[in-house]
Amino acid sequence: MVKLKTPQELENLRASLQKQLKYSAKTISICYGSSCKASGAEEVITAIKNELEKNNLETNLERIIKETGCHGFCEQGPLVLIKPQNIFYCRVKPEDASRIVKKSIIKNEIIADLLFQDPQNENIFTTEEEIPFYKKQTRLLMQHNSDIDPRRLEDYLAQGGYSALNKVLTQNTPEEILEKVKSSGLRGRGGAGFPTGQKWESCRQAESEIKYLICNADEGDPGCFQDASLVEGNPHQVLEGMILGAYAVGITTGYIYIRYEYPVAVRNFREAIEQARDYGLLGENILDSGFSFDVQVKRGGGAFVCGESSALIASLEGRPGEPRDKYVRNTKKGLWGKPTLLNNVKTLASVPLIVEKGSDWFRQFGTSSSPGTMIFSLTGKIKHTGLVEIPMGISMHSLIWDIGGGIRNDKPLKAVQTGGPSGGCIPAANIDLPLDYEHLSNAGSMLGSGGMIVMDENTCMVDVARYFLSFTQQESCGKCVPCREGGKHLLHTLNKITRGEGQITDLTLIREISEAMQKGALCNLGRQAPNPVLTTLHYFENEYHRHIMDQKCPAGVCRHLISFYISTEDCTGCGKCMDVCPEEAIRGEKREPHHILQGECNRCGICQEVCPENAISKG
Amino acid sequence: MSQHTINSKEQIEQITLKIITSYRHLSEEEMDWIALLQDIQDQFRYLPPDGLKLCARELNVPLSQLYSIATFYTCFSLAPRGKTEIQVCMGTACHIRGAEPILDKILQQLALNPGETSPDLEYSLETVNCVGACARGPLVIINSNYYGNLTMGQVENLLSKTRDINGEGKNG
Ligand SMILES: Cc1cc2nc3c(=O)[nH]c(=O)nc-3n(C[C@H](O)[C@H](O)[C@H](O)COP(=O)(O)O)c2cc1C
Ligand code: FES
């Protein structure tokens with residue numbers, strides 16, 4: 001690897017890489033995101049490599065096979081794309097390797113049974129672009145995830161990477177970049193939606209020799225993985241965004257704080273830093289511009305509160321991650337008392353695009369108050385679980401049905417939870433809500449970092465509130481009383497209700513404690529923790545009443561409030577349930593209807609899972 | 001390196017000292033206590049008290065400060081970890097798809113609480129929050145292998161399979 005000394009050398013290298021790409025034969029891009037890994041991507045990769053060797057194609061192994069970051073359509077993993085045509089194979093198994101190599105690589109054939117078939121209308125799609133899940137998205141940030149081996153800087157260059165940086169260093173002053181980001185209207189993607197340009201400007205104006213930049217990759221929301229997909233899948237785009245931010249604000253030292261649970265992200269980002277340094281794109285005197293900037297990776301410690309800016313800074317300083325009151329902004333006094341610019345991964349990853357293509361280009365996506373795109377983790381009772389990038393302002397309905405394929409098993413939608421533990425539940429009646437900062441917060445929820453959990457009639461809203469509260473209560477750092485004690489009592493009250501021991505006055509108590517937390521907690525962890533409780537109480541009060549007044553859980557989730565029954569009409573007496581019941585709570589003669597001894601039953605539901613006749617119901 | 005055996009005090013101190021060496025040159029401001037403890041934990045899969053004491057002595061920091069970090073962050077364990085690490089995802093997507101009864105079942109079968117290790121150091125049980133594989137929820141990870149779309153019925157098989165593998169390991 002040669003150190004690039006001038007912008008021209010970078011462009012020469014890019015030209016030669018792009019030429020290689022143009023004339024190179026096919027490549028197999030295999031998704032190595034967590035979901036695909038969990039569905040066996042590793043075995044598929046090994047099998048394909050073996051097959052390439054068998055066919056004497058191994059000399060070009062690195063070029064032919066790309067292990068990439070998340071492609072997004074997690075539900076259908078392991079995913080394999082044949083490029084350049086983008087032929088989309090899903091649910092690939094190691095046994096398919098031989099066919100893929102022989103038919104799709106050596107010859108030009110398409111393997112029909114590996115293509116995606118829409119279960120709704122049985123349409124079959126050949127390429128990724130044609131599949132409705134992808135077709136309806138606008139992928140700006142995730143655009144290159146399947147083209148790039150994240151461990152090769154060259155791949156990013158070939159896709160046009162670092163050209164924004166190159167232009168800036170030769171043609172623009174820091175003020176011009178700042179102006180561009182300001183006029184793009186980009187807002188922070190870490191949750192609060194604070195205007196990024198304004199934050200940068202405030203940090204730029206702060207007087208200090210030393211300033212710091214921090215990329216927040218702590219991604220604490222327990223149902224989100226989009227930041228991971230960028231840091232793992234396209235680390236150089238995030239890094240380029242950091243360099244551009246540092247240039248605009250006048251910063252020489254940067255950190256990226258990566259969540260402890262993401263070892264692949266840590267590895268890939270560390271390698272990206274090394275490679276960028278070797279190429280002269282990071283470090284002293286970048287591309288001979290006189291500008292210097294370097295970055296270090298810090299691993300988080302597994303504490304949700306450390307995603308909060310002041311707690312993150314405490315953690316970077318090597319202390320327990322406790323937040324502080326923010327009467328002085330971090331942009332004035334942050335890390336080690338110096339002005340500090342802290343941005344989310346997606347915010348920074350948007351910057352190279354804005355700088356390269358201009359703020360008007362960026363503003364054509366999204367709404368006037370929330371320009372650009374947002375990546376959502378679409379999960380829960382949805383047909384197409386995955387990562388979805390859409391322009392801000394699209395309706396929740398469109399996201400769930402046009403892209404997400406609708407609700408699993410075609411059940412009716414009950415509610416959608418957005419914003420993670422700080423967000424709230426939005427009922428099915430409000431499904432036309434546009435997805436942007438203002439609309440979601442007016443509905444009592446928030447955009448947050450893009451979590452979207454879809455719920456059907458089998459989801460209990462009281463249980464959901466209890467779940468989030470138990471999370472925030474566990475993650476409360478304990479520094480302030482409203483969050484520490486308030487959270488505990490809220491959780492205790494919700495636990496009582498889900499056990500059928502609640503009283504109607506508890507609902508008033510819940511509202512009072514919530515208000516105290518919203519007003520009195522030190523940081524947004526505590527202030528927003530009541531949101532899931534308050535929104536479910538607001539939209540689904542009846543469900544709380546059923547738990548309290550009738551000791552019933554209508555969704556059949558709260559274990560203390562449900563019982564299992566065997567229908568004497570449907571039961572054929574096959575005995576399968578009796579065999580699996582861990583409590584030996586099922587009685588009955590062979591070929592005679594069975595019954596459950598309620599006193600013995602621990603309501604685990606295994607019997608219902610195994611019953612071939614669907615004769616067991618919950619109520 | 002991850003070790004399954006319990007190290008002697010000498011071994012612990014020797015390995016820890018090596019780690020400390022790479023931190024010695026850092027100024028007070030640059031010193032990253034969390035990274036230091038993470039490096040130690042990477043070696044032993046927990047923070048041995050002898051290692052922490054050595055850090056305090058060598059780097060001239062109150063032991064209580066190290067403990068305040070070690071107890072605040074959930075990535076640290078102050079007790080040795082079991083040979084088999086079982087992680088149950090309790091992230092939102094997994095919760096909605098029924099992770100809680102699955103966890104209950106595992107707790108009951110292993111007679112362990114989350115965060116605990118069996119006395120024979122065979123199993124450690126932990127809950128985690130979203131590992132990015134929500135499409136496969138509910139999900140359990142055993143020694144880095146993912147088991148997704150779990151049903152209650154499969155849990156029992158999974159655990160007994162794990163036990164068999166462990167048993168073989170012992171004999172062989
Ligand atoms: C409890 C809590 C957790 C947070 N977790 C994250 C997180 O995981 N990632 C993130 O980018 N921002 C998180 N934030 C928001 C940050 O405090 C901060 O606003 C954000 O990183 C700023 O970046 P942005 O302007 O680019 O959005 C969290 C806030 C709170 C109160
Ligand atoms: S919630 Fe379990 S993997 Fe995401």
# chains A, B, ... in the order shown; residues from 1 in each chain; ligands from 1

$ select_by_dssp --residues "chain B" --states "helix (DSSP H, G or I)" --output "ChimeraX atom specification"
/B:9-21,33-44,49-59,63-72,92-96,99-110,134-136,152-171

$ residues_near_ligand --ligand "ligand 2" --cutoff "6 Å" --atoms "only C-alpha atoms and all ligand atoms" --output "list of chain:residue names"
A:Gly223, B:Cys89, B:Met90, B:Gly91, B:Thr92, B:Ala93, B:Cys94, B:Cys130, B:Val131, B:Gly132, B:Ala133, B:Cys134, B:Gly137

$ write_last_selection --atoms "N, CA, C and O atoms" --output "PDB file, in the first residue's frame"
ATOM      1  N   GLY A 223     -33.507  -2.926  20.339  1.00  0.00           N
ATOM      2  CA  GLY A 223     -34.167  -3.585  19.213  1.00  0.00           C
ATOM      3  C   GLY A 223     -33.692  -2.964  17.925  1.00  0.00           C
ATOM      4  O   GLY A 223     -34.373  -2.987  16.918  1.00  0.00           O
TER       5      GLY A 223
ATOM      6  N   CYS B  89     -31.232 -13.617  24.256  1.00  0.00           N
ATOM      7  CA  CYS B  89     -31.524 -12.247  23.841  1.00  0.00           C
ATOM      8  C   CYS B  89     -32.850 -11.795  24.429  1.00  0.00           C
ATOM      9  O   CYS B  89     -33.875 -12.448  24.247  1.00  0.00           O
ATOM     10  N   MET B  90     -32.814 -10.696  25.159  1.00  0.00           N
ATOM     11  CA  MET B  90     -34.024 -10.114  25.728  1.00  0.00           C
ATOM     12  C   MET B  90     -34.321  -8.769  25.078  1.00  0.00           C
ATOM     13  O   MET B  90     -34.965  -7.910  25.668  1.00  0.00           O
ATOM     14  N   GLY B  91     -33.819  -8.564  23.867  1.00  0.00           N
ATOM     15  CA  GLY B  91     -34.124  -7.344  23.120  1.00  0.00           C
ATOM     16  C   GLY B  91     -35.619  -7.259  22.815  1.00  0.00           C
ATOM     17  O   GLY B  91     -36.349  -8.247  22.986  1.00  0.00           O
ATOM     18  N   THR B  92     -36.053  -6.103  22.365  1.00  0.00           N
ATOM     19  CA  THR B  92     -37.492  -5.876  22.185  1.00  0.00           C
ATOM     20  C   THR B  92     -38.107  -6.849  21.183  1.00  0.00           C
ATOM     21  O   THR B  92     -39.162  -7.436  21.435  1.00  0.00           O
ATOM     22  N   ALA B  93     -37.449  -6.999  20.043  1.00  0.00           N
ATOM     23  CA  ALA B  93     -38.017  -7.855  19.008  1.00  0.00           C
ATOM     24  C   ALA B  93     -38.143  -9.286  19.522  1.00  0.00           C
ATOM     25  O   ALA B  93     -39.155  -9.954  19.289  1.00  0.00           O
ATOM     26  N   CYS B  94     -37.136  -9.750  20.225  1.00  0.00           N
ATOM     27  CA  CYS B  94     -37.189 -11.102  20.772  1.00  0.00           C
ATOM     28  C   CYS B  94     -38.250 -11.193  21.868  1.00  0.00           C
ATOM     29  O   CYS B  94     -38.943 -12.199  21.988  1.00  0.00           O
ATOM     30  N   CYS B 130     -30.587  -7.341  22.252  1.00  0.00           N
ATOM     31  CA  CYS B 130     -30.488  -7.260  20.795  1.00  0.00           C
ATOM     32  C   CYS B 130     -29.065  -7.446  20.273  1.00  0.00           C
ATOM     33  O   CYS B 130     -28.179  -6.649  20.499  1.00  0.00           O
ATOM     34  N   VAL B 131     -28.898  -8.519  19.555  1.00  0.00           N
ATOM     35  CA  VAL B 131     -27.618  -8.793  18.918  1.00  0.00           C
ATOM     36  C   VAL B 131     -27.731  -8.595  17.412  1.00  0.00           C
ATOM     37  O   VAL B 131     -26.887  -9.039  16.656  1.00  0.00           O
ATOM     38  N   GLY B 132     -28.789  -7.911  16.989  1.00  0.00           N
ATOM     39  CA  GLY B 132     -28.931  -7.565  15.572  1.00  0.00           C
ATOM     40  C   GLY B 132     -29.463  -8.693  14.711  1.00  0.00           C
ATOM     41  O   GLY B 132     -29.409  -8.623  13.501  1.00  0.00           O
ATOM     42  N   ALA B 133     -29.971  -9.741  15.335  1.00  0.00           N
ATOM     43  CA  ALA B 133     -30.493 -10.854  14.553  1.00  0.00           C
ATOM     44  C   ALA B 133     -31.989 -11.003  14.803  1.00  0.00           C
ATOM     45  O   ALA B 133     -32.514 -12.115  14.887  1.00  0.00           O
ATOM     46  N   CYS B 134     -32.662  -9.859  14.880  1.00  0.00           N
ATOM     47  CA  CYS B 134     -34.080  -9.835  15.273  1.00  0.00           C
ATOM     48  C   CYS B 134     -34.954 -10.709  14.373  1.00  0.00           C
ATOM     49  O   CYS B 134     -36.007 -11.177  14.795  1.00  0.00           O
ATOM     50  N   GLY B 137     -35.525 -14.048  16.014  1.00  0.00           N
ATOM     51  CA  GLY B 137     -35.968 -14.128  17.397  1.00  0.00           C
ATOM     52  C   GLY B 137     -37.154 -15.046  17.599  1.00  0.00           C
ATOM     53  O   GLY B 137     -37.908 -15.261  16.655  1.00  0.00           O
TER      54      GLY B 137
END

$ residues_around --residues "Ser39 (chain A)" --least-positions-apart "3" --cutoff "9 Å" --atoms "only C-alpha atoms" --output "PyMOL selection string"
(chain A and resi 34-36+42+77-78+91) or (chain B and resi 133+136+146-148)

$ residues_around --residues "region 426-437 of chain A" --least-positions-apart "6" --cutoff "9 Å" --atoms "only C-alpha atoms" --output "ChimeraX atom specification"
/A:191-193,366-367,369-370,374,391-398,412-418,443-448,535-536,539-540

$ residues_near_ligand --ligand "ligand 1" --cutoff "9 Å" --atoms "only C-alpha atoms and all ligand atoms" --output "ChimeraX atom specification"
/A:187-196,199,214-221,227,259,304-312,323,341-348,421-422,448-449,472,475-476,523-529

$ closest_atom_pairs --of "chain A" --to "chain B" --cutoff "7 Å" --atoms "only C-alpha atoms" --output "Markdown table"
| residue | atom | partner | partner_atom | distance |
| --- | --- | --- | --- | --- |
| A:Ser34 | CA | B:Ala133 | CA | 5.2 |
| A:Ser35 | CA | B:Ala133 | CA | 3.9 |
| A:Ala38 | CA | B:Tyr146 | CA | 5.1 |
| A:Cys74 | CA | B:Ala135 | CA | 5.8 |
| A:Glu75 | CA | B:Ala135 | CA | 5.2 |
| A:Pro222 | CA | B:Gly91 | CA | 4.7 |
| A:Gly223 | CA | B:Thr92 | CA | 5.0 |
| A:Cys224 | CA | B:Gly132 | CA | 6.8 |
| A:Phe225 | CA | B:Gly132 | CA | 5.0 |
| A:Gly301 | CA | B:Tyr73 | CA | 5.0 |
| A:Gly302 | CA | B:Thr74 | CA | 5.2 |
| A:Ala303 | CA | B:Tyr73 | CA | 5.9 |
| A:Glu317 | CA | B:Asp32 | CA | 6.9 |
| A:Gly318 | CA | B:Trp33 | CA | 5.1 |
| A:Arg319 | CA | B:Ile69 | CA | 6.4 |
| A:Pro320 | CA | B:Ile69 | CA | 5.4 |
| A:Thr379 | CA | B:Ala93 | CA | 5.7 |
| A:Gly380 | CA | B:Ala93 | CA | 4.9 |
| A:Thr385 | CA | B:Ala135 | CA | 5.3 |
| A:Gly386 | CA | B:Ala135 | CA | 6.9 |
| A:Ile453 | CA | B:Ala93 | CA | 6.6 |
| A:Thr459 | CA | B:Ile96 | CA | 6.7 |
| A:Cys604 | CA | B:Pro101 | CA | 6.6 |
| A:Ile606 | CA | B:Met152 | CA | 5.6 |

$ atom_distance --atom1 "CA of Tyr67 (chain B)" --atom2 "CA of Arg267 (chain A)"
27.4 Å

$ residues_around --residues "region 42-53 of chain B" --least-positions-apart "5" --cutoff "8 Å" --atoms "only C-alpha atoms" --output "list in words"
Met1, Ser2, Gln3, Lys9, Ile12, Glu13, Thr16, Leu37, Leu63, Leu66, Phe76, Ser77, Leu78, Ala79, Pro80 and Arg81 of chain B

$ write_last_selection --atoms "C-alpha atoms" --output "PDB file, in the first residue's frame"
ATOM      1  CA  MET B   1      -7.103 -16.087  24.451  1.00  0.00           C
ATOM      2  CA  SER B   2      -9.929 -17.288  26.581  1.00  0.00           C
ATOM      3  CA  GLN B   3      -9.128 -19.552  29.413  1.00  0.00           C
ATOM      4  CA  LYS B   9      -2.118 -15.910  41.542  1.00  0.00           C
ATOM      5  CA  ILE B  12      -2.694 -13.825  36.917  1.00  0.00           C
ATOM      6  CA  GLU B  13      -0.143 -11.289  38.050  1.00  0.00           C
ATOM      7  CA  THR B  16      -1.862  -8.634  34.107  1.00  0.00           C
ATOM      8  CA  LEU B  37     -10.033  -3.631  32.494  1.00  0.00           C
ATOM      9  CA  LEU B  63      -8.621  -0.063  44.241  1.00  0.00           C
ATOM     10  CA  LEU B  66     -11.272   0.240  39.709  1.00  0.00           C
ATOM     11  CA  PHE B  76     -17.294  -6.884  33.444  1.00  0.00           C
ATOM     12  CA  SER B  77     -17.625  -9.976  35.556  1.00  0.00           C
ATOM     13  CA  LEU B  78     -16.040 -10.243  38.983  1.00  0.00           C
ATOM     14  CA  ALA B  79     -16.485 -14.001  39.137  1.00  0.00           C
ATOM     15  CA  PRO B  80     -14.979 -16.648  36.852  1.00  0.00           C
ATOM     16  CA  ARG B  81     -17.141 -17.562  33.866  1.00  0.00           C
TER      17      ARG B  81
END

$ residues_around --residues "Ile20 (chain B)" --least-positions-apart "3" --cutoff "8 Å" --atoms "only C-alpha atoms" --output "short mmCIF file (atom, residue, chain, number, x, y, z; two decimals) with C-alpha atoms, in the first residue's frame"
data_model
loop_
_atom_site.label_atom_id
_atom_site.label_comp_id
_atom_site.auth_asym_id
_atom_site.auth_seq_id
_atom_site.Cartn_x
_atom_site.Cartn_y
_atom_site.Cartn_z
CA THR B 16 -1.86 -8.63 34.11
CA LEU B 17 1.56 -7.05 34.40
CA TYR B 23 -0.69 1.51 29.60
CA ARG B 24 2.18 2.86 31.67
CA LEU B 36 -7.39 -1.59 30.70
CA CYS B 55 -3.31 -2.66 38.74
CA GLU B 58 1.34 -0.61 39.85
CA LEU B 59 -0.61 2.31 38.44
#

$ closest_residue --among "B:Thr117, B:Gln109, B:Thr127, B:Ser64" --to "Val88 (chain B)" --atoms "only C-alpha atoms"
B:Thr127

$ residues_around --residues "Ile504 (chain A)" --least-positions-apart "5" --cutoff "8 Å" --atoms "only C-alpha atoms" --output "list in words"
His545, Ile548 and Met549 of chain A

$ closest_residue --among "A:Lys332, A:Asp147, A:Gly321, A:Tyr212" --to "Val295 (chain A)" --atoms "only C-alpha atoms"
A:Tyr212

$ atom_distance --atom1 "CA of Lys182 (chain A)" --atom2 "CA of Ile354 (chain A)"
10.3 Å

$ decode --residues "region 18-34 of chain B" --atoms "N, CA, C and O atoms" --output "compact mmCIF listing (two decimals), in the first residue's frame"
# COMPACT_ATOMS: atom_id res chain seq x y z
N LYS B 18 1.80 -7.71 32.12
CA LYS B 18 2.09 -7.47 30.70
C LYS B 18 1.11 -6.44 30.13
O LYS B 18 1.49 -5.55 29.38
N ILE B 19 -0.16 -6.59 30.50
CA ILE B 19 -1.17 -5.65 30.01
C ILE B 19 -0.89 -4.25 30.56
O ILE B 19 -0.93 -3.27 29.83
N ILE B 20 -0.58 -4.20 31.84
CA ILE B 20 -0.33 -2.91 32.48
C ILE B 20 0.79 -2.16 31.74
O ILE B 20 0.71 -0.95 31.52
N THR B 21 1.79 -2.92 31.33
CA THR B 21 2.95 -2.30 30.68
C THR B 21 2.55 -1.42 29.50
O THR B 21 3.10 -0.34 29.30
N SER B 22 1.54 -1.89 28.74
CA SER B 22 1.18 -1.11 27.56
C SER B 22 0.37 0.15 27.91
O SER B 22 0.02 0.93 27.04
N TYR B 23 0.06 0.31 29.19
CA TYR B 23 -0.69 1.51 29.60
C TYR B 23 0.17 2.50 30.37
O TYR B 23 -0.25 3.60 30.66
N ARG B 24 1.37 2.06 30.76
CA ARG B 24 2.18 2.86 31.67
C ARG B 24 2.57 4.23 31.12
O ARG B 24 2.65 5.20 31.85
N HIS B 25 2.80 4.27 29.80
CA HIS B 25 3.31 5.51 29.23
C HIS B 25 2.24 6.58 29.12
O HIS B 25 2.53 7.73 28.79
N LEU B 26 0.97 6.22 29.34
CA LEU B 26 -0.11 7.18 29.13
C LEU B 26 -0.16 8.22 30.24
O LEU B 26 0.08 7.92 31.40
N SER B 27 -0.48 9.45 29.83
CA SER B 27 -0.63 10.51 30.83
C SER B 27 -1.92 10.28 31.59
O SER B 27 -2.76 9.46 31.21
N GLU B 28 -2.08 11.05 32.66
CA GLU B 28 -3.26 10.87 33.51
C GLU B 28 -4.53 11.05 32.66
O GLU B 28 -5.50 10.33 32.80
N GLU B 29 -4.48 12.04 31.76
CA GLU B 29 -5.64 12.32 30.94
C GLU B 29 -5.90 11.23 29.90
O GLU B 29 -7.02 10.86 29.63
N GLU B 30 -4.81 10.70 29.37
CA GLU B 30 -4.97 9.68 28.32
C GLU B 30 -5.37 8.32 28.87
O GLU B 30 -5.85 7.45 28.15
N MET B 31 -5.10 8.13 30.16
CA MET B 31 -5.30 6.81 30.76
C MET B 31 -6.74 6.35 30.59
O MET B 31 -7.68 7.07 30.93
N ASP B 32 -6.92 5.16 30.05
CA ASP B 32 -8.26 4.66 29.81
C ASP B 32 -8.49 3.42 30.68
O ASP B 32 -8.12 2.31 30.33
N TRP B 33 -9.09 3.64 31.84
CA TRP B 33 -9.25 2.55 32.81
C TRP B 33 -10.18 1.47 32.29
O TRP B 33 -9.99 0.28 32.55
N ILE B 34 -11.18 1.91 31.53
CA ILE B 34 -12.15 0.91 31.03
C ILE B 34 -11.45 -0.04 30.05
O ILE B 34 -11.60 -1.25 30.13
